[in-house]
Amino acid sequence: MSALSRVVRSGVGRKRVQTVVIGLVVMIAVTSAVLGGSLLAASQGPFDRAFDQQKGAHLSAQFDPGAVTGTQLAATAGATGVAASAGPFRTAQVELIDHFGHPVPPIIVVGRADAGGTVDRVVLDEGRWATAPGEIVLASGDRMRFGRGVVGRQWKAGDTQLTVVGIARSASDTAGAWTTPAQLAAFAGDGPRTYQMLYRFSAADTAEQVSAGRTAIEKLAPMAGSVSWLDIRRDAISDTILLVPFLIAFGLLGVVMAVLIIGNVIAGAVSTSTRRIGILKALGFTPAQVTRAYVGQALIPAAVGAALGVVAGNLLMLPILAQTNQLYGTNDSGVSPAVDALVAGGALALVALTAVAASARAGRLRSVDALAVGRTPQPGRGRWATRLTSRLPLPRPVTLGLAHPFARPVRAVSIVAAIAFGAAAVTFAIGLGTSLNRVQEVEDLADIQVNALHEKGARPGPREPEPFDDPAAIEQTIAGQTGTGGFMGVARSEITAAGISGDLDAVAVTGPDSARYYRMVSGRWLTGPGQIIVSTPFLTAAGKEVGDTITLTSHGVAVPATIVGEVFNPDNDGMQVVTDIATLRVAEPELVPSTYYVSVLSGTDIEAYTDSLKAALQPEGAMADELSHGPDEMVIIVNTLTGLLSLMLIVVAGLGVMNTVVLETRERVHDLGVHKALGMTPRQTTAMVIASVVVTGVIGGVAGTAVGVLLQRTVITEMASSVGFRLPSSVLDVYGSGELLLLGLAGLVIAVAGALLPAGWAAKTRVAVALRTE
Amino acid sequence: MTTPLIELHEVTRRYDEGPPALNDVSLSIAPGEAVAILGPSGSGKSTLLNLVAGLDRPSAGTVTVDGVRVDQLGEAASAKYRRARIGLVFQFFNLLDDLTVADNVMLPAQLAGMSRGTAERRATELLGRLGVDRHAAAYPGRLSGGERQRVAVARALMNKPALLLADEPTGALDTASGEDVMRLLTELHADGQTVVLVTHDLVLAERCATRTVQLLDGRVATDTALEVLR
């Protein structure tokens, strides 16, 4: 074994704490980077990847069976620009009843013999494809969410019993369910039936190209309707784009944290070895050999840590990828080898670079200087702090410890930074989670929905809720129920607005509590007719601000209105107008609510309340349904990741503190011996060591909390802005003063936790041994 | 017969393999004595001092100081014992560089819970008595070797210990400073302070001690009462 190898091996063995800390820090940094990197990769164009993987349809077209022939449909496969096609598939709108007997909103069922083909290769999430009559495969995604155990259940369509044999995903969103062609033909009902044809074009990157393809097809067969993949893509991207800024922020936080801690650990290890370096140089080691020795000493544990980190990252990523696949509709099966290689290589390069930078400086020192460097801090530094703290009315061991960080200001700053990053991570994580949950709450403000009962035997297919015959009676019934906290009646209509192309949703509200169902961003709530509340995308599209007037047109009647408030309302991509029902009655005198949203008083049993309201409303021909408040998939992913990454960053911060306090304790071991010789008890020693991180912990905690709050506001604002929204203060201002105080103290907790172990060692140090240490 | 202040009974201290540092040593020191422990390097002098100070524990035998079984004390009790009964003076002073002279001297009292005001008054008195009061606000690094050792003695006397243990107190000093410290120790002994010196300096032993104990290979070779030269 060469002299250099011996030096490296003994260095790794002798500095066990540093070796373990380097290994752990690199492992955690690599784990978080693998998670972050994989999520970034998964979030890069997830729709496009899923669409490519499934050979998605650029155009999904419907044809009226009475208006086209099979020959015409077949001919469309050869239309100009069509690269591939699938179909014709028979489709029908079907009202399904689930295994609990609950009706499911009407969906398009497509008769397809198999999931594959050249276009729209549907991916099975669970179960198998429908191969026999009486079998159905349900589509997952936005349209419906299914809990575990749906496969194998008996559903119904009218009187037809259907067995759910699978759950599948189509990136092109071509169906709500699939069944065999024979079963589809057998469905009862005389509702709208169409043929579905799916096309891939040789060029479909722009709306013009898709439109040109559609025109070419229409020349051969008249279409009843069509959906462009660009519209599906836009909706899908707006659903998932919220994740990207979050992941970038967390990824950066993880990387900076890793750089800081790795730098701190390696630089600390080298600085405490200056005397050893002096001895090595006196024995004939060249500066280059010294550098190589210390790089090797750092790389050995780092390599082990990186390998373990890659394994941990890959294992942790599997369940998360399963969720992102659900969310994005992709088929990612594991972490990309490129991500693994990049992260592990990057971490090791970072370790090597830091070690080179730190050891090169020590390597350049003249041997005599290196040997002369004492292990204790340079005398004179931080004496002002010692004088100041000695005056504090605290036990002497505590005041001695409080002054320690000022003797090594650079190291103290690095501890502050490590703690600040940990505290920032916790603050950011809690804030982000709370904000996202509050965004979710905006959609869950009502507990119960009341609609008119559907009349049976009407035409099949989706219908708007029907207006109530006697809204006053409904309102009286709701208001009279024990436990009613508030309610709002809603009538829906379509309007146009000057300066905005196309029709807009109008939500006409009534009732005393309508304000509670919306979260204002600016301005105020409605106080009477002629006023509207809109979302940011509406204001952007119309070029208006709160306080401006705009002319709405409803049923051909111009309705001038003043924009009195901006609201956070993601419905219909924010292109929705909320107004008092009296505003629209100018144009639609018969407009009455078709839905009531009800909130119950705190502590009310919602299920019992709903049952009671149901019974009370039955004579009025109305139905009450409890609204589901289940957490959104994305919120679950974000909360899981936030918790996981925060925990890792906190552990890394604690390790950073521990490593520094270990160095500090080693350097001060002789002074420690003196203190103990003069009568310092183990408890007093522990108090002194822990007190030495109190100042840095508090400063780091406060600074980190401030950074975390800033980061949370920036990221949340950016996330909303990327999809065109501004957020209400309830989503942005999520920290209470008590919470901020606790978060500020989190830095202190990290610092104390990190210092506990070395404090224990210091307390156990034998005086005679410590006094001999020079 | 006076009760001994220090009593070592059949004390052995063994480190790992090899011969013991102290081997079956029995020794009694009465209050008010000034004893010099002599011997070459490796004879067991510092080990004996560490055992008496409660800095180390014997492998066998008992160590009793001022009625306290030092060999049975735990870490915390040992620290409190040192604080209350022992004043330690080291060869290299072991003053804390980042504390002023006054703060160094006050430290043992403050560790014992004495208020800063009371400790300050006692330190001022001691520094004045030892002739280094003008350096109270200075840092140890600016003092001469002799002055540092005077400060170290002041610190050792801060809690009015029953026993002053000095480990080669003149070993790091020039001749003049050494003389100065010897005079100081003699004066302290004359005032009734029990002193145990560990040294290989015969001159120091003859000047300051009333009795010499010679150690050789961990055993007591000679135990001699001296006529003190003043």
# chains A, B, ... in the order shown; residues from 1 in each chain; ligands from 1
$ interface_residues --of "chain A" --to "chain B" --cutoff "7 Å" --atoms "only C-alpha atoms" --output "number ranges by chain"
A: 379-380, 383, 396, 671, 674, 676, 678-682, 767-768
$ residues_around --residues "range 7-9 of chain B" --least-positions-apart "3" --cutoff "12 Å" --atoms "only C-alpha atoms" --output "compact mmCIF listing (two decimals) with C-alpha atoms, in the first residue's frame"
# COMPACT_ATOMS: atom_id res chain seq x y z
CA THR B 3 -6.59 13.09 60.78
CA PRO B 4 -4.76 13.00 57.45
CA THR B 12 -2.71 0.93 41.90
CA ARG B 13 -3.37 2.58 38.53
CA LEU B 22 1.22 3.45 40.25
CA ASN B 23 1.75 0.20 42.06
CA ASP B 24 0.34 -0.42 45.53
CA VAL B 25 1.07 3.07 46.84
CA SER B 26 0.05 4.05 50.37
CA LEU B 27 0.57 7.62 51.52
CA SER B 28 -0.80 9.99 54.15
CA ILE B 29 -0.50 13.77 54.11
CA ALA B 30 -1.55 15.84 57.08
CA PRO B 31 -3.26 19.23 56.90
CA LEU B 48 -0.80 10.34 41.67
CA LEU B 49 -1.75 14.01 41.36
CA LEU B 51 -5.97 10.57 41.45
CA VAL B 52 -5.85 13.03 44.36
CA ARG B 57 -9.68 6.79 39.27
CA PRO B 58 -7.44 4.09 40.68
CA ALA B 60 -7.36 -0.64 42.94
CA GLY B 61 -7.10 0.88 46.38
CA THR B 62 -8.72 3.93 47.97
CA VAL B 63 -8.09 7.66 47.79
CA THR B 64 -9.54 9.77 50.60
CA VAL B 65 -9.18 13.55 50.65
CA ASP B 66 -10.63 15.73 53.40
CA GLY B 67 -12.89 12.82 54.38
CA VAL B 68 -14.15 12.27 50.83
CA ARG B 69 -13.63 8.90 49.09
CA VAL B 70 -12.44 10.43 45.83
CA ASP B 71 -12.11 7.04 44.12
CA VAL B 220 7.20 5.08 46.79
$ closest_residue --among "A:Leu710, A:Val25, A:Val546, A:Ile500" --to "Thr562 in chain A" --atoms "only C-alpha atoms"
A:Val546
$ residues_around --residues "Asp217 in chain B" --least-positions-apart "3" --cutoff "10 Å" --atoms "only C-alpha atoms" --output "VMD selection string"
chain B and resid 19 to 23 39 to 45 220 to 221
$ select_by_dssp --residues "range 28-60 of chain B" --states "strand (DSSP E or B)" --output "list in words"
Ser28, Ile29, Ala34, Val35, Ala36, Ile37, Leu38 and Ala60 of chain B
$ residues_around --residues "Lys219 in chain A" --least-positions-apart "3" --cutoff "12 Å" --atoms "only C-alpha atoms" --output "MDAnalysis selection string"
chainID A and resid 68 72:73 75:76 78:80 212:216 222:223
$ write_last_selection --atoms "N, CA, C and O atoms" --output "CSV table (one decimal), in the first residue's frame"
chain,number,residue,atom,x,y,z
A,68,VAL,N,-73.6,9.9,-42.8
A,68,VAL,CA,-72.5,9.4,-43.5
A,68,VAL,C,-72.6,7.9,-43.7
A,68,VAL,O,-73.3,7.2,-43.0
A,72,GLN,N,-67.7,6.4,-46.8
A,72,GLN,CA,-67.2,7.7,-46.7
A,72,GLN,C,-66.2,7.8,-45.5
A,72,GLN,O,-65.2,8.4,-45.6
A,73,LEU,N,-66.6,7.1,-44.4
A,73,LEU,CA,-65.7,7.1,-43.2
A,73,LEU,C,-64.4,6.5,-43.5
A,73,LEU,O,-63.3,7.0,-43.2
A,75,ALA,N,-63.0,6.4,-46.3
A,75,ALA,CA,-62.2,7.2,-47.2
A,75,ALA,C,-61.5,8.3,-46.5
A,75,ALA,O,-60.4,8.8,-46.9
A,76,THR,N,-62.0,8.7,-45.3
A,76,THR,CA,-61.4,9.8,-44.6
A,76,THR,C,-60.0,9.4,-44.1
A,76,THR,O,-59.1,10.3,-43.9
A,78,GLY,N,-57.8,8.4,-45.9
A,78,GLY,CA,-56.8,8.8,-46.9
A,78,GLY,C,-56.9,10.3,-47.2
A,78,GLY,O,-56.3,10.8,-48.1
A,79,ALA,N,-57.6,11.1,-46.3
A,79,ALA,CA,-57.7,12.5,-46.5
A,79,ALA,C,-56.3,13.1,-46.4
A,79,ALA,O,-55.4,12.6,-45.7
A,80,THR,N,-56.1,14.3,-47.1
A,80,THR,CA,-54.8,15.0,-47.1
A,80,THR,C,-54.4,15.3,-45.6
A,80,THR,O,-55.1,15.8,-44.8
A,212,ALA,N,-56.7,22.5,-40.8
A,212,ALA,CA,-56.6,22.1,-42.2
A,212,ALA,C,-56.9,20.6,-42.3
A,212,ALA,O,-57.6,20.1,-43.3
A,213,GLY,N,-56.5,19.8,-41.4
A,213,GLY,CA,-56.7,18.3,-41.4
A,213,GLY,C,-58.2,18.1,-41.3
A,213,GLY,O,-58.8,17.2,-42.0
A,214,ARG,N,-58.9,18.9,-40.3
A,214,ARG,CA,-60.3,18.7,-40.2
A,214,ARG,C,-61.1,19.0,-41.5
A,214,ARG,O,-62.0,18.3,-41.9
A,215,THR,N,-60.6,20.1,-42.1
A,215,THR,CA,-61.3,20.5,-43.3
A,215,THR,C,-61.2,19.5,-44.4
A,215,THR,O,-62.1,19.2,-45.1
A,216,ALA,N,-60.0,18.9,-44.5
A,216,ALA,CA,-59.7,17.8,-45.5
A,216,ALA,C,-60.6,16.6,-45.3
A,216,ALA,O,-61.2,16.0,-46.2
A,222,PRO,N,-69.2,14.6,-43.8
A,222,PRO,CA,-69.6,15.7,-42.9
A,222,PRO,C,-69.5,15.3,-41.4
A,222,PRO,O,-70.0,14.2,-41.1
A,223,MET,N,-68.9,16.2,-40.6
A,223,MET,CA,-68.7,15.9,-39.2
A,223,MET,C,-69.8,16.4,-38.3
A,223,MET,O,-70.4,17.4,-38.6
$ atom_distance --atom1 "CA of Ala622 in chain A" --atom2 "CA of Thr477 in chain A"
10.6 Å
$ closest_residue --among "A:Gly656, A:Gly700, A:Pro65, A:Pro570" --to "Gln440 in chain A" --atoms "only C-alpha atoms"
A:Pro570
$ residues_around --residues "range 211-214 of chain B" --least-positions-apart "6" --cutoff "8 Å" --atoms "only C-alpha atoms" --output "list in words"
Glu33, Ala34, Val35, Ala36, Ile37, Leu38, Gly39, Ala205, Val220, Ala221, Thr222, Asp223, Thr224, Ala225 and Leu226 of chain B
$ write_last_selection --atoms "all heavy atoms" --output "JSON list (two decimals), in the first residue's frame"
[["chain", "number", "residue", "atom", "x", "y", "z"],
["B", 33, "GLU", "N", 0.67, 20.43, 55.68],
["B", 33, "GLU", "CA", 1.96, 19.97, 55.14],
["B", 33, "GLU", "C", 2.19, 20.56, 53.76],
["B", 33, "GLU", "O", 1.24, 20.90, 53.05],
["B", 33, "GLU", "CB", 1.96, 18.44, 55.02],
["B", 33, "GLU", "CG", 2.41, 17.71, 56.27],
["B", 33, "GLU", "CD", 2.72, 16.24, 55.98],
["B", 33, "GLU", "OE1", 1.78, 15.49, 55.69],
["B", 33, "GLU", "OE2", 3.91, 15.88, 56.01],
["B", 34, "ALA", "N", 3.47, 20.64, 53.38],
["B", 34, "ALA", "CA", 3.83, 20.98, 52.00],
["B", 34, "ALA", "C", 4.67, 19.82, 51.50],
["B", 34, "ALA", "O", 5.80, 19.62, 51.96],
["B", 34, "ALA", "CB", 4.61, 22.28, 51.93],
["B", 35, "VAL", "N", 4.11, 19.03, 50.62],
["B", 35, "VAL", "CA", 4.77, 17.80, 50.19],
["B", 35, "VAL", "C", 5.16, 17.91, 48.72],
["B", 35, "VAL", "O", 4.35, 18.31, 47.88],
["B", 35, "VAL", "CB", 3.83, 16.58, 50.38],
["B", 35, "VAL", "CG1", 4.52, 15.29, 49.93],
["B", 35, "VAL", "CG2", 3.42, 16.47, 51.83],
["B", 36, "ALA", "N", 6.38, 17.55, 48.44],
["B", 36, "ALA", "CA", 6.84, 17.52, 47.05],
["B", 36, "ALA", "C", 6.90, 16.07, 46.59],
["B", 36, "ALA", "O", 7.52, 15.24, 47.23],
["B", 36, "ALA", "CB", 8.21, 18.17, 46.94],
["B", 37, "ILE", "N", 6.22, 15.77, 45.51],
["B", 37, "ILE", "CA", 6.27, 14.42, 44.93],
["B", 37, "ILE", "C", 7.35, 14.48, 43.85],
["B", 37, "ILE", "O", 7.19, 15.22, 42.87],
["B", 37, "ILE", "CB", 4.93, 14.00, 44.31],
["B", 37, "ILE", "CG1", 3.76, 14.26, 45.27],
["B", 37, "ILE", "CG2", 4.95, 12.57, 43.82],
["B", 37, "ILE", "CD1", 3.72, 13.36, 46.49],
["B", 38, "LEU", "N", 8.39, 13.74, 44.03],
["B", 38, "LEU", "CA", 9.53, 13.78, 43.12],
["B", 38, "LEU", "C", 9.64, 12.48, 42.33],
["B", 38, "LEU", "O", 9.07, 11.46, 42.72],
["B", 38, "LEU", "CB", 10.82, 13.99, 43.91],
["B", 38, "LEU", "CG", 10.94, 15.32, 44.68],
["B", 38, "LEU", "CD1", 12.06, 15.23, 45.71],
["B", 38, "LEU", "CD2", 11.19, 16.46, 43.71],
["B", 39, "GLY", "N", 10.38, 12.55, 41.28],
["B", 39, "GLY", "CA", 10.63, 11.32, 40.52],
["B", 39, "GLY", "C", 10.88, 11.63, 39.06],
["B", 39, "GLY", "O", 10.50, 12.69, 38.57],
["B", 205, "ALA", "N", 11.58, 21.64, 45.37],
["B", 205, "ALA", "CA", 11.15, 20.78, 46.47],
["B", 205, "ALA", "C", 11.77, 21.25, 47.79],
["B", 205, "ALA", "O", 11.10, 21.35, 48.81],
["B", 205, "ALA", "CB", 11.54, 19.34, 46.18],
["B", 220, "VAL", "N", 6.54, 4.09, 45.94],
["B", 220, "VAL", "CA", 7.20, 5.08, 46.79],
["B", 220, "VAL", "C", 8.60, 4.53, 47.13],
["B", 220, "VAL", "O", 8.73, 3.48, 47.76],
["B", 220, "VAL", "CB", 6.40, 5.33, 48.10],
["B", 220, "VAL", "CG1", 7.16, 6.28, 49.01],
["B", 220, "VAL", "CG2", 5.02, 5.88, 47.77],
["B", 221, "ALA", "N", 9.60, 5.29, 46.67],
["B", 221, "ALA", "CA", 10.98, 4.85, 46.93],
["B", 221, "ALA", "C", 11.46, 5.41, 48.25],
["B", 221, "ALA", "O", 12.06, 4.69, 49.06],
["B", 221, "ALA", "CB", 11.88, 5.31, 45.78],
["B", 222, "THR", "N", 11.23, 6.70, 48.47],
["B", 222, "THR", "CA", 11.62, 7.33, 49.75],
["B", 222, "THR", "C", 10.53, 8.29, 50.18],
["B", 222, "THR", "O", 9.79, 8.83, 49.35],
["B", 222, "THR", "CB", 12.94, 8.14, 49.61],
["B", 222, "THR", "OG1", 12.72, 9.17, 48.64],
["B", 222, "THR", "CG2", 14.09, 7.27, 49.18],
["B", 223, "ASP", "N", 10.46, 8.51, 51.49],
["B", 223, "ASP", "CA", 9.49, 9.48, 52.03],
["B", 223, "ASP", "C", 10.24, 10.20, 53.15],
["B", 223, "ASP", "O", 10.48, 9.64, 54.21],
["B", 223, "ASP", "CB", 8.26, 8.74, 52.57],
["B", 223, "ASP", "CG", 7.15, 9.69, 52.99],
["B", 223, "ASP", "OD1", 7.44, 10.90, 53.18],
["B", 223, "ASP", "OD2", 6.00, 9.24, 53.13],
["B", 224, "THR", "N", 10.66, 11.46, 52.87],
["B", 224, "THR", "CA", 11.60, 12.12, 53.75],
["B", 224, "THR", "C", 11.06, 13.46, 54.24],
["B", 224, "THR", "O", 10.59, 14.28, 53.44],
["B", 224, "THR", "CB", 12.93, 12.41, 52.99],
["B", 224, "THR", "OG1", 13.27, 11.24, 52.24],
["B", 224, "THR", "CG2", 14.03, 12.80, 53.92],
["B", 225, "ALA", "N", 11.19, 13.69, 55.56],
["B", 225, "ALA", "CA", 10.84, 15.00, 56.11],
["B", 225, "ALA", "C", 12.03, 15.92, 55.94],
["B", 225, "ALA", "O", 13.18, 15.50, 56.12],
["B", 225, "ALA", "CB", 10.48, 14.88, 57.57],
["B", 226, "LEU", "N", 11.80, 17.19, 55.53],
["B", 226, "LEU", "CA", 12.88, 18.13, 55.25],
["B", 226, "LEU", "C", 12.88, 19.25, 56.27],
["B", 226, "LEU", "O", 11.83, 19.61, 56.82],
["B", 226, "LEU", "CB", 12.70, 18.76, 53.87],
["B", 226, "LEU", "CG", 12.81, 17.86, 52.65],
["B", 226, "LEU", "CD1", 12.54, 18.69, 51.41],
["B", 226, "LEU", "CD2", 14.19, 17.24, 52.58]]
$ closest_residue --among "A:Ala746, A:Ala61, A:Val651, A:Val507" --to "Val227 in chain A" --atoms "only C-alpha atoms"
A:Ala61
$ select_by_dssp --residues "range 131-228 of chain A" --states "helix (DSSP H, G or I)" --output "PyMOL selection string"
chain A and resi 181-186+207-218
$ residues_around --residues "Val203 in chain B" --least-positions-apart "4" --cutoff "12 Å" --atoms "only C-alpha atoms" --output "VMD selection string"
chain B and resid 36 38 168 170 to 171 175 178 to 179 182 199 207 to 209 212 228 to 229
$ atom_distance --atom1 "CA of Gly760 in chain A" --atom2 "CA of Phe421 in chain A"
25.4 Å
$ residues_around --residues "Val521 in chain A" --least-positions-apart "6" --cutoff "9 Å" --atoms "only C-alpha atoms" --output "JSON, numbers by chain"
{"A": [535, 536, 565, 566, 567, 568, 726, 727, 728, 729, 730]}
$ closest_residue --among "A:Pro301, A:Pro529, A:Gly87, A:Gly37" --to "Val21 in chain A" --atoms "only C-alpha atoms"
A:Pro301
$ atom_distance --atom1 "CA of Gly117 in chain B" --atom2 "CA of Arg150 in chain B"
22.0 Å
